[in-house]
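Participant: Encoded as structure tokens, here's the structure I'll be asking about.
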Amino acid sequence: MQPKPKEKPTEFNLHGETRVDPYYWLRERENPEVLEYLAAENRFTDETLAHVEGTRETLFEELKARIDPIDSSPPVRVDNFWYYSRFEDGADYPLVCRKNGSLEAEEEVLLDGPALAKGESFWDLASTKISWNEDLLAYATDTVGRRLFTIQFKNLTTGELLSDEIPNATGSMAWAADNQTLFYTTQDLETLRWDKVYRHRLGTDVAEDVLVYEEVDDTFNVTVGRSKSKKFLFLAAFHKERSEVLYLDSTEPEGAFQIFCPRGGTHEYSVDHAGDHFYIRTNHEAENFRLMSCPISDTRLDVWEDVIAPREDVLLEDFEVFAKYLVVAERERGLLQVRVQTWEGEEHRLEFDESTYYAGLSANPTFATETLRYAYSSMTTPFTIYDYEMGTRERTLVQRKRVLGDFDPTNYRTERLWAKAPDGVSVPISIVYRDGFVPDGESPLLLYGYGSYGSSTDATFSPNRLSLLDRGFAFAIAHIRGGEEMGRSWYNDGKKLEKMNTFTDFIACAEHLAAEGYTSPERMYAYGGSAGGLLLGAVVNLRPDLFHGMVAAVPFVDVLTTMLDESIPLTTSEYDEWGNPNDRTYYEYMRSYSPYDNVTAQAYPHMLITTGLHDSQVQYWEPAKWVAKLRDLSTSDNRLLLKTNMDAGHGGPSGRYQRYREVALDYAFLLDLAGKL
């Protein structure tokens with residue numbers, strides 16, 4: 001029997017409208033009645049899918065078997081050491097290691113992940129920072145899943161764990177040049193907004209740490225880092241539409257941070273340093289950003305000069321400064337390009353052969369080098385790291401992620417398609433399928449989308465996806481507005497009062513795939529997580545007939561109620577993504593698409609909805625309420641399942657292998673619906 005939470009109506013009155021929420025009470029996290037309801041939903045899901053338990057286990061073992069049991073990251077040279085992480089066979093968590101001077105040197109284990117995670121149901125390593133003299137390690141871990149990290153310190157010479165311990169941190173931190181001072185950020189314990197920067201000196205009481213910066217604007221967050229040259233520490237206050245950087249000479253940790261360029265308007269910028277200049281990626285009079293520079297002695301905006309002028313059709317995404325070269329990552333017609341130029345102006349682009357792919361800058365910590373490290377992947381090519389000699393243009397393969405088993409990239413095909421949105425805009429689609437696929441409308445297809453925060457969803461490889469492709473599925477990515485694949489305007493046209501474009505773009509992509517025979521509505525499935533779950537929730541209210549089934553992971557579906565509650569994590573800092581519903585214009589627009597508020601009496605497709613009890617970004621009660629309301633109003637007998645991970649947060653389980661159990665559940669659900677078990 002389907003679980004049914006009690007209705008305890010709560011009224012909300014705003015802008016002359018009364019909304020009644022019968023399930024608002026499900027936010028009572030410690031209420032035994034809430035916990036029992038979530039447990040009942042888990043039991044119902046397990047019972048409903050009991051017949052695919054064997055397939056789930058088969059899939060889990062299949063997914064695990066593709067993963068290199070002794071996987072490692074490519075070693076990166078930083079000063080005197082090569083740093084990397086690696087897994088031991090069967091381990092869920094990595095060892096963080098280094099070697100002195102040469103890759104042939106004896107290995108030094110800096111952190112033993114399996115040992116640190118022992119006895120914990122959840123463990124996450126947020127970040128590690130090595131002191132300038134490479135004798136000290138600061139690292140931040142979380143054992144709950146709400147991204148409240150504790151910073152600890154280790155003496156790498158003696159192996160001693162120092163007594164200094166900093167709670168409720170974010171993982172954003174930077175060492176000063178004295179090897180004794182660490183700057184770090186903390187967060188508000190209620191809203192989880194990154195709001196303060198402190199200075200800690202090793203050996204002193206953490207309670208006496210000096211507050212060096214507090215961000216009082218509740219729409220901003222703050223991080224701390226350092227320049228590639230190490231000469232400066234940067235404190236960056238950021239907002240969805242504006243930013244402000246402060247800087248400090250790293251040899252003067254007790255000095256005062258200076259404002260680089262005051263915040264204002266919709267000015268976004270970031271800064272790095274080389275020689276006697278700062279280099280600034282900025283959208284000042286440049287929607288798609290430009291690269292500018294200024295002397296370190298004068299950072300006023302009116303002295304900034306162009307290094308790369310703004311372009312209407314090319315988005316400047318990232319840059320790296322080297323002694324002899326400038327390297328930029330750019331996006332043109334939805335595809336990433338990497339361009340190398342000398343400081344004298346001679347330039348060339350790296351060449352990539354496939355029609356849809358990902359290429360981007362990798363770890364490049366060394367300033368005085370001729371070697372650029374970059375990453376490449378496509379829907380048929382596993383994640384690959386190359387070293388590229390910028391002078392000779394020679395490329396060396398550093399590492400390609402191994403896919404164990406019988407994987408052969410020549411067995412798969414990838415294409416780039418274009419769908420026409422209702423307003424005439426062309427929306428790109430990346431698709432992959434196994435060789436022999438016939439576009440006759442008879443094959444199942446999983447359509448993925450995100451479309452928020454200007455986050456571009458590139459066409460990269462997934463070893464997990466092979467379990468669907470090898471069983472006859474095609475997989476497609478809808479590069480919808482709200483992302484930044486086609487430039488900054490692509491993002492601006494899918495946020496705030498233009499958000500509906502995100503949803504209609506996705507529908508247009510689904511319709512195009514069906515019209516071209518890649519699938520049909522009876523065989524089409526959709527997947528989205530977090531803001532991608534909002535996408536699915538809005539789309540399924542608009543066009544439930546287009547899909548046979550959906551998987552919505554940690555979905556942001558109660559948009560209106562959440563954005564009206566400033567006590568919830570992320571609310572105030574996201575007004576410039578969704579709008580502030582205290583303004584009636586935004587309230588009415590959000591009300592028009594908020595998935596929870598627009599559930600109606602209609603036939604909804606099969607749906608599997610997942611969440612985490614400790615999720616700090618999308619609270620568990622959003623999907624729980626959504627499922628309850630869908631059960632009330634859906635006119636179909638299709639499956640509607642809620643699965644709550646009671647030990648995890650937004651990212652799901654923390655262990656390397658345990659996360660595959662959730663993937664196996666998603667895939668078994670889809671394969672069962674598609675008749676492909």
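A note on labels: chains of the structure tokens are A, B, ... as shown, every chain counts residues from 1, and ligands are counted from 1 in their shown order.
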Quick one: residues within 10 Å of Val403 in chain A, only C-alpha atoms, excluding same-chain residues fewer than 5 positions away - as a PyMOL selection string?
Facilitator: chain A and resi 65-68+382+408+462-464
Participant: Near Glu36 in chain A, within 12 Å and counting only C-alpha atoms, which residues show up once chain neighbours fewer than 5 positions away are dropped, as a PyMOL selection string?
Facilitator: chain A and resi 3-6+26+28-31+41-43+644+646
Participant: At what distance in Å, to one decimal, does CA of Val539 in chain A lie from CA of Ala603 in chain A?
Facilitator: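 About the pair CA of Ala603 in chain A and CA of Val539 in chain A: they are 13.4 Å apart.
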Participant: Can you tell me which residues surround Glu442 in chain A at a distance of at most 8 Å, considering only C-alpha atoms, apart from same-chain residues fewer than 5 positions away, and format the answer as a PDB file with N, CA and C atoms, in the first residue's frame?
Facilitator:
ATOM      1  N   GLY A 517      13.018  10.026 -34.966  1.00  0.00           N
ATOM      2  CA  GLY A 517      13.049   8.572 -34.853  1.00  0.00           C
ATOM      3  C   GLY A 517      14.061   8.024 -33.863  1.00  0.00           C
ATOM      4  N   TYR A 518      14.724   8.877 -33.094  1.00  0.00           N
ATOM      5  CA  TYR A 518      15.685   8.368 -32.108  1.00  0.00           C
ATOM      6  C   TYR A 518      14.977   7.642 -30.972  1.00  0.00           C
ATOM      7  N   THR A 519      13.702   7.940 -30.783  1.00  0.00           N
ATOM      8  CA  THR A 519      12.873   7.280 -29.779  1.00  0.00           C
ATOM      9  C   THR A 519      11.433   7.670 -30.045  1.00  0.00           C
ATOM     10  N   SER A 520      10.555   7.403 -29.095  1.00  0.00           N
ATOM     11  CA  SER A 520       9.158   7.826 -29.160  1.00  0.00           C
ATOM     12  C   SER A 520       8.717   8.145 -27.739  1.00  0.00           C
ATOM     13  N   ARG A 523       8.789   5.465 -25.281  1.00  0.00           N
ATOM     14  CA  ARG A 523      10.096   4.881 -24.966  1.00  0.00           C
ATOM     15  C   ARG A 523      11.092   5.939 -24.481  1.00  0.00           C
TER      16      ARG A 523
END
Participant: Report as a list in words all protein, DNA and RNA residues lying within 6 Å of range 91-107 of chain A, evaluated on only C-alpha atoms, omitting residues in the same chain fewer than 3 positions from it.
Facilitator: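 The residues that qualify are Asn80, Phe81, Trp82, Tyr83, Tyr84, Ser85, Arg86, Phe87, Glu88, Leu110, Leu111, Asp112, Gly113, Pro114, Gly655, Arg656 and Tyr657 of chain A.
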Participant: Dump N, CA and C atoms for the selected residues as a PDB file, in the first residue's frame?
Facilitator:
ATOM      1  N   ASN A  80      58.677  21.075  -4.945  1.00  0.00           N
ATOM      2  CA  ASN A  80      59.636  19.967  -4.862  1.00  0.00           C
ATOM      3  C   ASN A  80      59.015  18.583  -4.970  1.00  0.00           C
ATOM      4  N   PHE A  81      57.684  18.509  -4.919  1.00  0.00           N
ATOM      5  CA  PHE A  81      57.029  17.203  -4.832  1.00  0.00           C
ATOM      6  C   PHE A  81      56.036  16.984  -5.971  1.00  0.00           C
ATOM      7  N   TRP A  82      55.799  15.687  -6.244  1.00  0.00           N
ATOM      8  CA  TRP A  82      54.706  15.258  -7.108  1.00  0.00           C
ATOM      9  C   TRP A  82      53.558  14.803  -6.207  1.00  0.00           C
ATOM     10  N   TYR A  83      52.367  15.400  -6.393  1.00  0.00           N
ATOM     11  CA  TYR A  83      51.207  15.086  -5.553  1.00  0.00           C
ATOM     12  C   TYR A  83      50.161  14.323  -6.363  1.00  0.00           C
ATOM     13  N   TYR A  84      49.499  13.374  -5.692  1.00  0.00           N
ATOM     14  CA  TYR A  84      48.456  12.584  -6.351  1.00  0.00           C
ATOM     15  C   TYR A  84      47.634  11.871  -5.278  1.00  0.00           C
ATOM     16  N   SER A  85      46.529  11.294  -5.692  1.00  0.00           N
ATOM     17  CA  SER A  85      45.745  10.421  -4.816  1.00  0.00           C
ATOM     18  C   SER A  85      45.549   9.098  -5.532  1.00  0.00           C
ATOM     19  N   ARG A  86      45.375   8.055  -4.767  1.00  0.00           N
ATOM     20  CA  ARG A  86      45.173   6.737  -5.370  1.00  0.00           C
ATOM     21  C   ARG A  86      44.315   5.871  -4.458  1.00  0.00           C
ATOM     22  N   PHE A  87      43.666   4.892  -5.076  1.00  0.00           N
ATOM     23  CA  PHE A  87      42.859   3.933  -4.332  1.00  0.00           C
ATOM     24  C   PHE A  87      43.600   2.610  -4.235  1.00  0.00           C
ATOM     25  N   GLU A  88      43.447   1.960  -3.119  1.00  0.00           N
ATOM     26  CA  GLU A  88      43.880   0.570  -3.013  1.00  0.00           C
ATOM     27  C   GLU A  88      42.703  -0.322  -3.384  1.00  0.00           C
ATOM     28  N   LEU A 110      50.173  10.991   2.781  1.00  0.00           N
ATOM     29  CA  LEU A 110      49.839  12.160   3.592  1.00  0.00           C
ATOM     30  C   LEU A 110      48.554  11.948   4.386  1.00  0.00           C
ATOM     31  N   LEU A 111      47.548  11.376   3.738  1.00  0.00           N
ATOM     32  CA  LEU A 111      46.281  11.081   4.396  1.00  0.00           C
ATOM     33  C   LEU A 111      45.819   9.690   3.996  1.00  0.00           C
ATOM     34  N   ASP A 112      45.402   8.926   4.974  1.00  0.00           N
ATOM     35  CA  ASP A 112      44.883   7.580   4.740  1.00  0.00           C
ATOM     36  C   ASP A 112      43.365   7.640   4.828  1.00  0.00           C
ATOM     37  N   GLY A 113      42.714   7.830   3.674  1.00  0.00           N
ATOM     38  CA  GLY A 113      41.272   7.974   3.644  1.00  0.00           C
ATOM     39  C   GLY A 113      40.521   6.823   4.293  1.00  0.00           C
ATOM     40  N   PRO A 114      40.827   5.560   3.952  1.00  0.00           N
ATOM     41  CA  PRO A 114      40.107   4.447   4.565  1.00  0.00           C
ATOM     42  C   PRO A 114      40.216   4.437   6.088  1.00  0.00           C
ATOM     43  N   GLY A 655      31.135   6.916  -0.203  1.00  0.00           N
ATOM     44  CA  GLY A 655      32.090   5.894  -0.617  1.00  0.00           C
ATOM     45  C   GLY A 655      32.137   5.701  -2.120  1.00  0.00           C
ATOM     46  N   ARG A 656      33.337   5.363  -2.631  1.00  0.00           N
ATOM     47  CA  ARG A 656      33.507   5.208  -4.076  1.00  0.00           C
ATOM     48  C   ARG A 656      32.561   4.169  -4.654  1.00  0.00           C
ATOM     49  N   TYR A 657      32.403   3.046  -3.990  1.00  0.00           N
ATOM     50  CA  TYR A 657      31.570   1.971  -4.521  1.00  0.00           C
ATOM     51  C   TYR A 657      30.104   2.112  -4.131  1.00  0.00           C
TER      52      TYR A 657
END
Participant: For Glu516 in chain A, which residue among A:Ala419, A:His267, A:His277, A:Tyr357 is the nearest when counting only C-alpha atoms?
Facilitator: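 The answer is A:Ala419, which sits nearest to Glu516 in chain A.
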Participant: For CA of Glu17 in chain A and CA of Tyr586 in chain A, determine how far apart the two atoms are, in Å to one decimal place.
Facilitator: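 Atom-to-atom, CA of Glu17 in chain A to CA of Tyr586 in chain A, that is 13.8 Å.
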Participant: Between A:Tyr139, A:Tyr593, A:Tyr358, A:Phe556, which has the minimum distance to Ile385 in chain A (counting only C-alpha atoms)?
Facilitator: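 When distances to Ile385 in chain A are compared using only C-alpha atoms, the smallest one comes from A:Tyr358.
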Participant: Which one of A:Leu534, A:Ile480, A:Met500, A:Met1 sits closest to Thr45 in chain A if you count only C-alpha atoms?
Facilitator: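 Among the listed residues, A:Met1 lies closest to Thr45 in chain A.
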Participant: I'd like to know which of A:Val432, A:Ala628, A:Phe473, A:Tyr453 is closest to His239 in chain A, using only C-alpha atoms.
Facilitator: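 Counting only C-alpha atoms, the residue closest to His239 in chain A is A:Tyr453.
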Participant: Hey, can you check how far CA of Leu560 in chain A sits from CA of Asp597 in chain A?
Facilitator: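 Pair CA of Leu560 in chain A / CA of Asp597 in chain A returns 7.9 Å.
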Participant: Write out as a list of chain:residue names which residues come within 9 Å of range 169-171 of chain A when counting only C-alpha atoms, dropping same-chain ones fewer than 4 positions away.
Facilitator: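 Those residues are A:Leu125, A:Ala126, A:Ser127, A:Thr128, A:Tyr139, A:Ala140, A:Thr141, A:Arg147, A:Leu148, A:Phe149, A:Thr150, A:Ile151, A:Tyr184, A:Thr185, A:Thr186, A:Gln187, A:Trp194, A:Thr223.
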Participant: I need the chosen residues saved as an mmCIF file, in the first residue's frame, with C-alpha atoms.
Facilitator:
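Here's the written file out-v2.cif:
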data_model
loop_
_atom_site.group_PDB
_atom_site.id
_atom_site.type_symbol
_atom_site.label_atom_id
_atom_site.label_comp_id
_atom_site.auth_asym_id
_atom_site.auth_seq_id
_atom_site.Cartn_x
_atom_site.Cartn_y
_atom_site.Cartn_z
ATOM 1 C CA LEU A 125 37.406 15.158 2.114
ATOM 2 C CA ALA A 126 36.637 18.685 0.896
ATOM 3 C CA SER A 127 40.113 20.012 0.247
ATOM 4 C CA THR A 128 43.792 19.805 1.164
ATOM 5 C CA TYR A 139 42.657 19.316 5.343
ATOM 6 C CA ALA A 140 38.873 19.621 5.752
ATOM 7 C CA THR A 141 36.482 16.699 6.297
ATOM 8 C CA ARG A 147 29.005 20.243 4.126
ATOM 9 C CA LEU A 148 30.017 21.521 7.536
ATOM 10 C CA PHE A 149 33.723 20.734 7.469
ATOM 11 C CA THR A 150 36.315 20.464 10.211
ATOM 12 C CA ILE A 151 39.846 21.649 9.384
ATOM 13 C CA TYR A 184 39.854 30.053 6.143
ATOM 14 C CA THR A 185 36.124 30.629 5.647
ATOM 15 C CA THR A 186 33.225 29.626 7.873
ATOM 16 C CA GLN A 187 29.509 29.481 7.277
ATOM 17 C CA TRP A 194 29.877 31.296 3.490
ATOM 18 C CA THR A 223 36.056 32.316 -0.494
#
Participant: Might you pull out every residue within 9 Å of Gly533 in chain A, with only C-alpha atoms counted and same-chain residues fewer than 3 positions away left off, and present them as an MDAnalysis selection string?
Facilitator: chainID A and resid 449:450 527:530 536:538 551:557 609
